[in-house]
Structure formats: structure tokens, C-alpha cells
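As stored in protein_8.cif (mmCIF, N, CA and C atoms and all ligand atoms):
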data_input
#
loop_
_atom_site.label_atom_id
_atom_site.label_comp_id
_atom_site.auth_asym_id
_atom_site.auth_seq_id
_atom_site.Cartn_x
_atom_site.Cartn_y
_atom_site.Cartn_z
N MET B 1 235.35 99.47 115.21
CA MET B 1 234.62 98.22 115.43
C MET B 1 234.75 97.78 116.89
N ASP B 2 233.67 97.24 117.43
CA ASP B 2 233.70 96.64 118.76
C ASP B 2 233.80 95.13 118.55
N PRO B 3 235.02 94.57 118.70
CA PRO B 3 235.17 93.14 118.38
C PRO B 3 234.33 92.23 119.28
N GLN B 4 234.12 92.65 120.53
CA GLN B 4 233.32 91.82 121.43
C GLN B 4 231.87 91.76 120.95
N ALA B 5 231.32 92.92 120.55
CA ALA B 5 229.94 92.96 120.05
C ALA B 5 229.83 92.18 118.74
N THR B 6 230.86 92.28 117.90
CA THR B 6 230.84 91.57 116.62
C THR B 6 230.88 90.06 116.84
N TRP B 7 231.72 89.62 117.78
CA TRP B 7 231.80 88.19 118.13
C TRP B 7 230.45 87.67 118.62
N LYS B 8 229.82 88.46 119.52
CA LYS B 8 228.51 88.05 120.05
C LYS B 8 227.49 87.97 118.91
N SER B 9 227.50 88.96 118.02
CA SER B 9 226.57 88.94 116.88
C SER B 9 226.82 87.73 115.99
N LEU B 10 228.10 87.41 115.78
CA LEU B 10 228.43 86.25 114.94
C LEU B 10 227.81 84.97 115.54
N LEU B 11 227.96 84.79 116.85
CA LEU B 11 227.40 83.60 117.50
C LEU B 11 225.87 83.61 117.45
N ASP B 12 225.27 84.80 117.63
CA ASP B 12 223.80 84.91 117.55
C ASP B 12 223.30 84.58 116.15
N GLU B 13 223.98 85.11 115.13
CA GLU B 13 223.53 84.87 113.75
C GLU B 13 223.73 83.41 113.36
N TRP B 14 224.81 82.79 113.87
CA TRP B 14 225.03 81.36 113.63
C TRP B 14 223.87 80.56 114.24
N ALA B 15 223.53 80.89 115.50
CA ALA B 15 222.44 80.17 116.18
C ALA B 15 221.11 80.38 115.46
N ASP B 16 220.93 81.57 114.86
CA ASP B 16 219.69 81.85 114.12
C ASP B 16 219.77 81.40 112.67
N ARG B 17 220.93 80.89 112.26
CA ARG B 17 221.16 80.38 110.90
C ARG B 17 220.94 81.46 109.84
N ASN B 18 221.43 82.67 110.15
CA ASN B 18 221.41 83.77 109.17
C ASN B 18 222.76 83.77 108.47
N TRP B 19 222.85 82.94 107.44
CA TRP B 19 224.16 82.62 106.85
C TRP B 19 224.86 83.81 106.21
N GLN B 20 224.11 84.70 105.57
CA GLN B 20 224.77 85.86 104.95
C GLN B 20 225.39 86.75 106.04
N ALA B 21 224.67 86.94 107.13
CA ALA B 21 225.20 87.75 108.24
C ALA B 21 226.42 87.08 108.87
N VAL B 22 226.40 85.75 108.97
CA VAL B 22 227.54 85.01 109.51
C VAL B 22 228.79 85.31 108.67
N ILE B 23 228.64 85.26 107.35
CA ILE B 23 229.78 85.51 106.46
C ILE B 23 230.30 86.93 106.66
N GLU B 24 229.40 87.91 106.68
CA GLU B 24 229.83 89.31 106.80
C GLU B 24 230.53 89.58 108.14
N LEU B 25 229.98 89.06 109.22
CA LEU B 25 230.58 89.29 110.54
C LEU B 25 231.92 88.57 110.68
N ALA B 26 232.00 87.35 110.16
CA ALA B 26 233.25 86.60 110.24
C ALA B 26 234.34 87.32 109.44
N GLU B 27 233.99 87.80 108.25
CA GLU B 27 234.99 88.51 107.44
C GLU B 27 235.41 89.82 108.09
N ALA B 28 234.46 90.51 108.70
CA ALA B 28 234.79 91.76 109.39
C ALA B 28 235.76 91.52 110.55
N LEU B 29 235.53 90.45 111.31
CA LEU B 29 236.43 90.14 112.43
C LEU B 29 237.82 89.74 111.93
N LEU B 30 237.87 88.97 110.85
CA LEU B 30 239.17 88.57 110.31
C LEU B 30 239.94 89.78 109.81
N GLN B 31 239.25 90.71 109.16
CA GLN B 31 239.92 91.94 108.68
C GLN B 31 240.44 92.76 109.86
N TRP B 32 239.62 92.83 110.90
CA TRP B 32 240.01 93.55 112.12
C TRP B 32 241.30 92.96 112.70
N LEU B 33 241.37 91.63 112.79
CA LEU B 33 242.57 90.98 113.32
C LEU B 33 243.76 91.19 112.39
N ASP B 34 243.52 91.15 111.07
CA ASP B 34 244.61 91.36 110.11
C ASP B 34 245.22 92.75 110.24
N LYS B 35 244.42 93.71 110.69
CA LYS B 35 244.92 95.08 110.87
C LYS B 35 245.54 95.27 112.25
N GLY B 36 245.67 94.19 113.02
CA GLY B 36 246.29 94.29 114.33
C GLY B 36 245.33 94.57 115.47
N GLY B 37 244.02 94.48 115.18
CA GLY B 37 243.02 94.72 116.23
C GLY B 37 243.04 93.62 117.28
N CYS B 38 242.61 93.97 118.49
CA CYS B 38 242.54 93.02 119.60
C CYS B 38 241.40 92.04 119.37
N PRO B 39 241.62 90.75 119.63
CA PRO B 39 240.52 89.79 119.49
C PRO B 39 239.53 89.93 120.65
N PRO B 40 238.29 89.49 120.44
CA PRO B 40 237.34 89.46 121.56
C PRO B 40 237.68 88.31 122.50
N GLU B 41 237.16 88.39 123.72
CA GLU B 41 237.21 87.23 124.61
C GLU B 41 236.22 86.20 124.07
N VAL B 42 236.67 84.97 123.83
CA VAL B 42 235.80 84.00 123.17
C VAL B 42 234.78 83.37 124.11
N ILE B 43 235.07 83.35 125.40
CA ILE B 43 234.13 82.78 126.36
C ILE B 43 233.76 83.86 127.36
N ALA B 44 232.46 84.20 127.40
CA ALA B 44 232.00 85.25 128.30
C ALA B 44 232.40 84.93 129.73
N GLY B 45 232.95 85.92 130.41
CA GLY B 45 233.29 85.74 131.81
C GLY B 45 234.65 85.11 132.06
N ARG B 46 235.38 84.74 130.99
CA ARG B 46 236.73 84.17 131.17
C ARG B 46 237.73 85.08 130.49
N ARG B 47 238.76 85.52 131.22
CA ARG B 47 239.82 86.34 130.62
C ARG B 47 240.94 85.40 130.19
N LEU B 48 240.98 85.11 128.88
CA LEU B 48 241.93 84.12 128.38
C LEU B 48 243.13 84.76 127.69
N GLY B 49 243.02 86.03 127.30
CA GLY B 49 244.16 86.72 126.71
C GLY B 49 244.24 86.57 125.20
N THR B 50 244.98 87.51 124.59
CA THR B 50 245.10 87.56 123.13
C THR B 50 245.75 86.29 122.57
N PHE B 51 246.76 85.75 123.29
CA PHE B 51 247.48 84.58 122.79
C PHE B 51 246.53 83.41 122.54
N TRP B 52 245.52 83.25 123.39
CA TRP B 52 244.51 82.20 123.22
C TRP B 52 243.42 82.64 122.26
N ASN B 53 242.90 83.86 122.50
CA ASN B 53 241.70 84.29 121.78
C ASN B 53 241.92 84.47 120.28
N GLU B 54 243.08 85.01 119.88
CA GLU B 54 243.24 85.31 118.45
C GLU B 54 243.16 84.06 117.56
N PRO B 55 243.92 82.98 117.86
CA PRO B 55 243.80 81.81 116.97
C PRO B 55 242.42 81.17 117.03
N VAL B 56 241.78 81.20 118.18
CA VAL B 56 240.44 80.60 118.30
C VAL B 56 239.45 81.40 117.46
N VAL B 57 239.53 82.73 117.56
CA VAL B 57 238.62 83.58 116.77
C VAL B 57 238.88 83.38 115.28
N ARG B 58 240.16 83.35 114.89
CA ARG B 58 240.47 83.14 113.46
C ARG B 58 239.90 81.81 112.97
N PHE B 59 240.11 80.74 113.74
CA PHE B 59 239.58 79.44 113.33
C PHE B 59 238.06 79.48 113.22
N CYS B 60 237.40 80.02 114.24
CA CYS B 60 235.93 80.02 114.27
C CYS B 60 235.37 80.86 113.12
N CYS B 61 235.99 82.00 112.84
CA CYS B 61 235.51 82.86 111.75
C CYS B 61 235.66 82.16 110.40
N GLN B 62 236.81 81.51 110.18
CA GLN B 62 237.02 80.81 108.91
C GLN B 62 236.06 79.63 108.78
N PHE B 63 235.90 78.89 109.88
CA PHE B 63 234.98 77.75 109.90
C PHE B 63 233.54 78.20 109.62
N ALA B 64 233.09 79.23 110.34
CA ALA B 64 231.71 79.69 110.21
C ALA B 64 231.44 80.22 108.80
N ALA B 65 232.38 80.99 108.25
CA ALA B 65 232.18 81.55 106.91
C ALA B 65 232.19 80.43 105.87
N ASP B 66 233.05 79.44 106.05
CA ASP B 66 233.12 78.31 105.12
C ASP B 66 231.80 77.53 105.12
N ILE B 67 231.30 77.20 106.30
CA ILE B 67 230.04 76.45 106.38
C ILE B 67 228.88 77.28 105.83
N ALA B 68 228.84 78.57 106.18
CA ALA B 68 227.77 79.44 105.69
C ALA B 68 227.79 79.52 104.17
N ASN B 69 228.99 79.62 103.58
CA ASN B 69 229.10 79.64 102.12
C ASN B 69 228.60 78.33 101.51
N ARG B 70 228.91 77.22 102.16
CA ARG B 70 228.45 75.93 101.64
C ARG B 70 226.92 75.84 101.67
N VAL B 71 226.30 76.36 102.75
CA VAL B 71 224.83 76.35 102.83
C VAL B 71 224.25 77.20 101.70
N LEU B 72 224.80 78.41 101.54
CA LEU B 72 224.25 79.34 100.55
C LEU B 72 224.51 78.87 99.12
N ASN B 73 225.60 78.11 98.92
CA ASN B 73 225.92 77.64 97.57
C ASN B 73 225.15 76.37 97.19
N SER B 74 224.43 75.77 98.14
CA SER B 74 223.66 74.57 97.84
C SER B 74 222.23 74.98 97.49
N PRO B 75 221.70 74.48 96.37
CA PRO B 75 220.33 74.87 95.99
C PRO B 75 219.30 74.47 97.06
N ASP B 76 219.56 73.39 97.81
CA ASP B 76 218.61 72.96 98.83
C ASP B 76 219.02 73.40 100.24
N GLY B 77 220.09 74.17 100.35
CA GLY B 77 220.55 74.60 101.67
C GLY B 77 221.19 73.48 102.47
N ILE B 78 221.64 72.43 101.77
CA ILE B 78 222.27 71.28 102.43
C ILE B 78 223.78 71.40 102.18
N PRO B 79 224.55 71.82 103.18
CA PRO B 79 225.97 72.08 102.96
C PRO B 79 226.75 70.81 102.64
N GLU B 80 227.57 70.89 101.59
CA GLU B 80 228.41 69.78 101.17
C GLU B 80 229.41 69.45 102.27
N GLY B 81 229.66 68.15 102.48
CA GLY B 81 230.70 67.73 103.41
C GLY B 81 230.25 67.63 104.86
N VAL B 82 228.99 67.99 105.17
CA VAL B 82 228.50 67.86 106.54
C VAL B 82 227.83 66.49 106.67
N PRO B 83 228.29 65.65 107.62
CA PRO B 83 227.69 64.32 107.77
C PRO B 83 226.17 64.42 107.91
N PHE B 84 225.45 63.56 107.17
CA PHE B 84 223.99 63.64 107.16
C PHE B 84 223.39 62.81 108.28
N SER B 85 222.82 63.46 109.26
CA SER B 85 222.03 62.80 110.29
C SER B 85 220.83 63.70 110.52
N LEU B 86 219.64 63.10 110.41
CA LEU B 86 218.40 63.86 110.35
C LEU B 86 217.47 63.43 111.47
N SER B 87 216.86 64.40 112.13
CA SER B 87 215.81 64.11 113.12
C SER B 87 214.52 64.77 112.68
N CYS B 88 213.43 64.09 112.99
CA CYS B 88 212.11 64.69 112.78
C CYS B 88 211.85 65.62 113.96
N SER B 89 211.32 66.80 113.67
CA SER B 89 211.05 67.74 114.76
C SER B 89 209.84 67.32 115.59
N GLU B 90 209.11 66.27 115.15
CA GLU B 90 207.89 65.85 115.85
C GLU B 90 208.00 64.48 116.52
N CYS B 91 208.93 63.64 116.09
CA CYS B 91 209.00 62.28 116.65
C CYS B 91 210.44 61.79 116.67
N ASP B 92 210.62 60.55 117.10
CA ASP B 92 211.94 59.98 117.35
C ASP B 92 212.33 58.94 116.31
N CYS B 93 211.77 59.02 115.10
CA CYS B 93 212.02 57.97 114.11
C CYS B 93 213.48 57.98 113.64
N ALA B 94 213.88 56.91 112.97
CA ALA B 94 215.27 56.75 112.55
C ALA B 94 215.61 57.67 111.38
N SER B 95 216.88 58.10 111.34
CA SER B 95 217.36 58.98 110.27
C SER B 95 217.63 58.19 109.00
N PRO B 96 217.20 58.72 107.85
CA PRO B 96 217.65 58.12 106.58
C PRO B 96 219.16 58.31 106.46
N ASP B 97 219.79 57.53 105.56
CA ASP B 97 221.25 57.57 105.44
C ASP B 97 221.75 58.77 104.66
N SER B 98 220.90 59.35 103.82
CA SER B 98 221.35 60.47 102.99
C SER B 98 220.20 61.42 102.72
N TYR B 99 220.54 62.62 102.25
CA TYR B 99 219.52 63.60 101.88
C TYR B 99 218.63 63.05 100.77
N GLU B 100 219.27 62.40 99.77
CA GLU B 100 218.51 61.87 98.64
C GLU B 100 217.52 60.80 99.11
N GLN B 101 217.97 59.94 100.04
CA GLN B 101 217.07 58.91 100.57
C GLN B 101 215.91 59.55 101.35
N ALA B 102 216.22 60.58 102.11
CA ALA B 102 215.18 61.26 102.88
C ALA B 102 214.11 61.84 101.95
N ILE B 103 214.54 62.50 100.87
CA ILE B 103 213.59 63.06 99.90
C ILE B 103 212.77 61.93 99.27
N HIS B 104 213.45 60.84 98.92
CA HIS B 104 212.77 59.70 98.30
C HIS B 104 211.71 59.12 99.24
N GLU B 105 212.01 59.09 100.56
CA GLU B 105 211.06 58.53 101.54
C GLU B 105 209.92 59.48 101.86
N GLY B 106 210.04 60.74 101.46
CA GLY B 106 208.94 61.69 101.70
C GLY B 106 209.17 62.68 102.83
N TRP B 107 210.43 62.78 103.31
CA TRP B 107 210.72 63.80 104.31
C TRP B 107 210.59 65.18 103.67
N THR B 108 210.16 66.17 104.45
CA THR B 108 210.06 67.54 103.93
C THR B 108 210.70 68.50 104.93
N ALA B 109 210.82 69.75 104.52
CA ALA B 109 211.30 70.85 105.37
C ALA B 109 212.66 70.53 106.00
N ILE B 110 213.53 69.88 105.26
CA ILE B 110 214.84 69.51 105.80
C ILE B 110 215.74 70.74 105.82
N GLU B 111 216.28 71.02 107.00
CA GLU B 111 217.13 72.19 107.18
C GLU B 111 218.41 71.82 107.90
N PHE B 112 219.50 72.47 107.53
CA PHE B 112 220.75 72.35 108.28
C PHE B 112 220.51 72.93 109.68
N TRP B 113 220.88 72.15 110.70
CA TRP B 113 220.58 72.52 112.09
C TRP B 113 221.83 72.25 112.93
N PRO B 114 222.83 73.13 112.81
CA PRO B 114 224.14 72.82 113.42
C PRO B 114 224.15 72.83 114.94
N GLN B 115 223.11 73.35 115.58
CA GLN B 115 223.10 73.34 117.05
C GLN B 115 222.55 72.04 117.62
N GLY B 116 222.21 71.09 116.75
CA GLY B 116 221.71 69.81 117.23
C GLY B 116 222.79 69.04 117.98
N THR B 117 222.39 68.20 118.92
CA THR B 117 223.36 67.42 119.67
C THR B 117 223.58 66.05 119.03
N SER B 118 222.53 65.45 118.49
CA SER B 118 222.69 64.12 117.90
C SER B 118 222.36 64.12 116.42
N GLU B 119 222.08 65.29 115.82
CA GLU B 119 221.80 65.36 114.40
C GLU B 119 222.30 66.68 113.85
N ASN B 120 222.56 66.69 112.53
CA ASN B 120 222.99 67.92 111.87
C ASN B 120 221.86 68.57 111.07
N PHE B 121 220.74 67.84 110.91
CA PHE B 121 219.63 68.36 110.11
C PHE B 121 218.32 68.06 110.82
N LEU B 122 217.36 68.96 110.66
CA LEU B 122 216.01 68.77 111.18
C LEU B 122 215.04 68.78 110.00
N GLY B 123 213.98 68.00 110.13
CA GLY B 123 212.97 68.00 109.08
C GLY B 123 211.68 67.38 109.60
N ALA B 124 210.77 67.09 108.67
CA ALA B 124 209.51 66.44 109.00
C ALA B 124 209.49 65.09 108.29
N CYS B 125 209.35 64.02 109.08
CA CYS B 125 209.32 62.68 108.51
C CYS B 125 208.04 62.50 107.68
N PRO B 126 207.96 61.42 106.89
CA PRO B 126 206.76 61.24 106.05
C PRO B 126 205.46 61.30 106.85
N GLU B 127 205.47 60.76 108.09
CA GLU B 127 204.25 60.78 108.92
C GLU B 127 203.89 62.19 109.38
N HIS B 128 204.89 63.05 109.52
CA HIS B 128 204.64 64.39 110.05
C HIS B 128 204.79 65.49 109.01
N SER B 129 204.84 65.10 107.73
CA SER B 129 204.84 66.10 106.65
C SER B 129 203.40 66.41 106.29
N ASP B 130 203.13 67.66 106.04
CA ASP B 130 201.74 68.03 105.64
C ASP B 130 201.55 67.79 104.16
ZN ZN O 1 208.03 62.41 112.60
#

In C-alpha cells, how does this file's structure come out?
Amino acid sequence: MDPQATWKSLLDEWADRNWQAVIELAEALLQWLDKGGCPPEVIAGRRLGTFWNEPVVRFCCQFAADIANRVLNSPDGIPEGVPFSLSCSECDCASPDSYEQAIHEGWTAIEFWPQGTSENFLGACPEHSD
């Protein structure tokens, strides 16, 4: 295994929200570390060393696999325990307080969007739903 390539793939799949791939890559990296394999450098261009990289990689892999499992285990793809803040992909309207309220108000296409800066979910507000 190339741990650096696996780490990069894990981050790419997380950004693309390919949750099954996130779980597989995270588990592969954890198994690699359990067998005494060298961790990847977590930040491109920075040589931080095994002492730093190993715990960071372990935490990130466990975190990513846990969140990915929560998304896949939810019938609506809304992971349990993630604070609900929703943005419309078309406008700046206010976020409903909960997923249930958003559905009740007529929001559609609500997706977990962990790369958001001020929201955890993206969707289409009632005005911008088709
Ligand atoms: Zn809107």
C-alpha cells in the first residue's frame, strides 16, 4: 500500500462525498498503521514526522469512517448528530432549524455538505425547488 496515495484518495473521496469509498480507504489506512506501517504526511509540503502524523491520521480515519457510516445508515442521507444548518444553493435565505422543518417548509434536494463554511447541508429552498 502507498499510504500517501491512500490518504490523498481519502481526502478526495470525502470532498466528493463518496461515503462508501471513504469508509474503505479509512479502514485500509487504519489497518496499515495497526501493522506498523508508516503514516502519510497529513499536510502536503510539510514534513511533520510519524509522531505527529500517526495520531492525526488515526483520528481523521476514525472520524471520516464514523461520519460516512452515519450518512449511509440514514434513509435520507442526513447523518445523526451533525448540527443542522442549511443553505439554499441558489439564494441567501435563512436556514430552517431542523431537517423536519425544512421538509415541512418545502425544501428539496437536501444533502450533507461537510465542506461548507457556514452550513453543514445544502438544498433548494421552497422558492428554488422545481
Ligand atoms: Zn433559494

When you count only N, CA and C atoms and all ligand atoms, which of these residues is closest to ligand ZN 1 (chain O): B:Gly106, B:Val82, B:Arg58, B:Cys88? B:Cys88

Within 6.5 Å of stretch 32-45 of chain B using all atoms listed in the file, minus same-chain residues under 5 positions, as a PyMOL selection string: chain B and resi 3-4+27+50+53-54

Run DSSP on the backbone and give me the residues of chain B it puts in strand (DSSP E), as a PyMOL selection string. chain B and resi 86-88+108-112+121-124

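For the residues B:Asn18, B:Ser89, B:Ser118, B:Thr6, ranking by smallest atom-to-atom distance to ligand ZN 1 (chain O) using only C-alpha atoms and all ligand atoms places B:Ser89 first.
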
Distance of atom CA of B:Trp113 from atom CA of B:Cys60, expressed in Å to one decimal place: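 It comes out at 17.2 Å.
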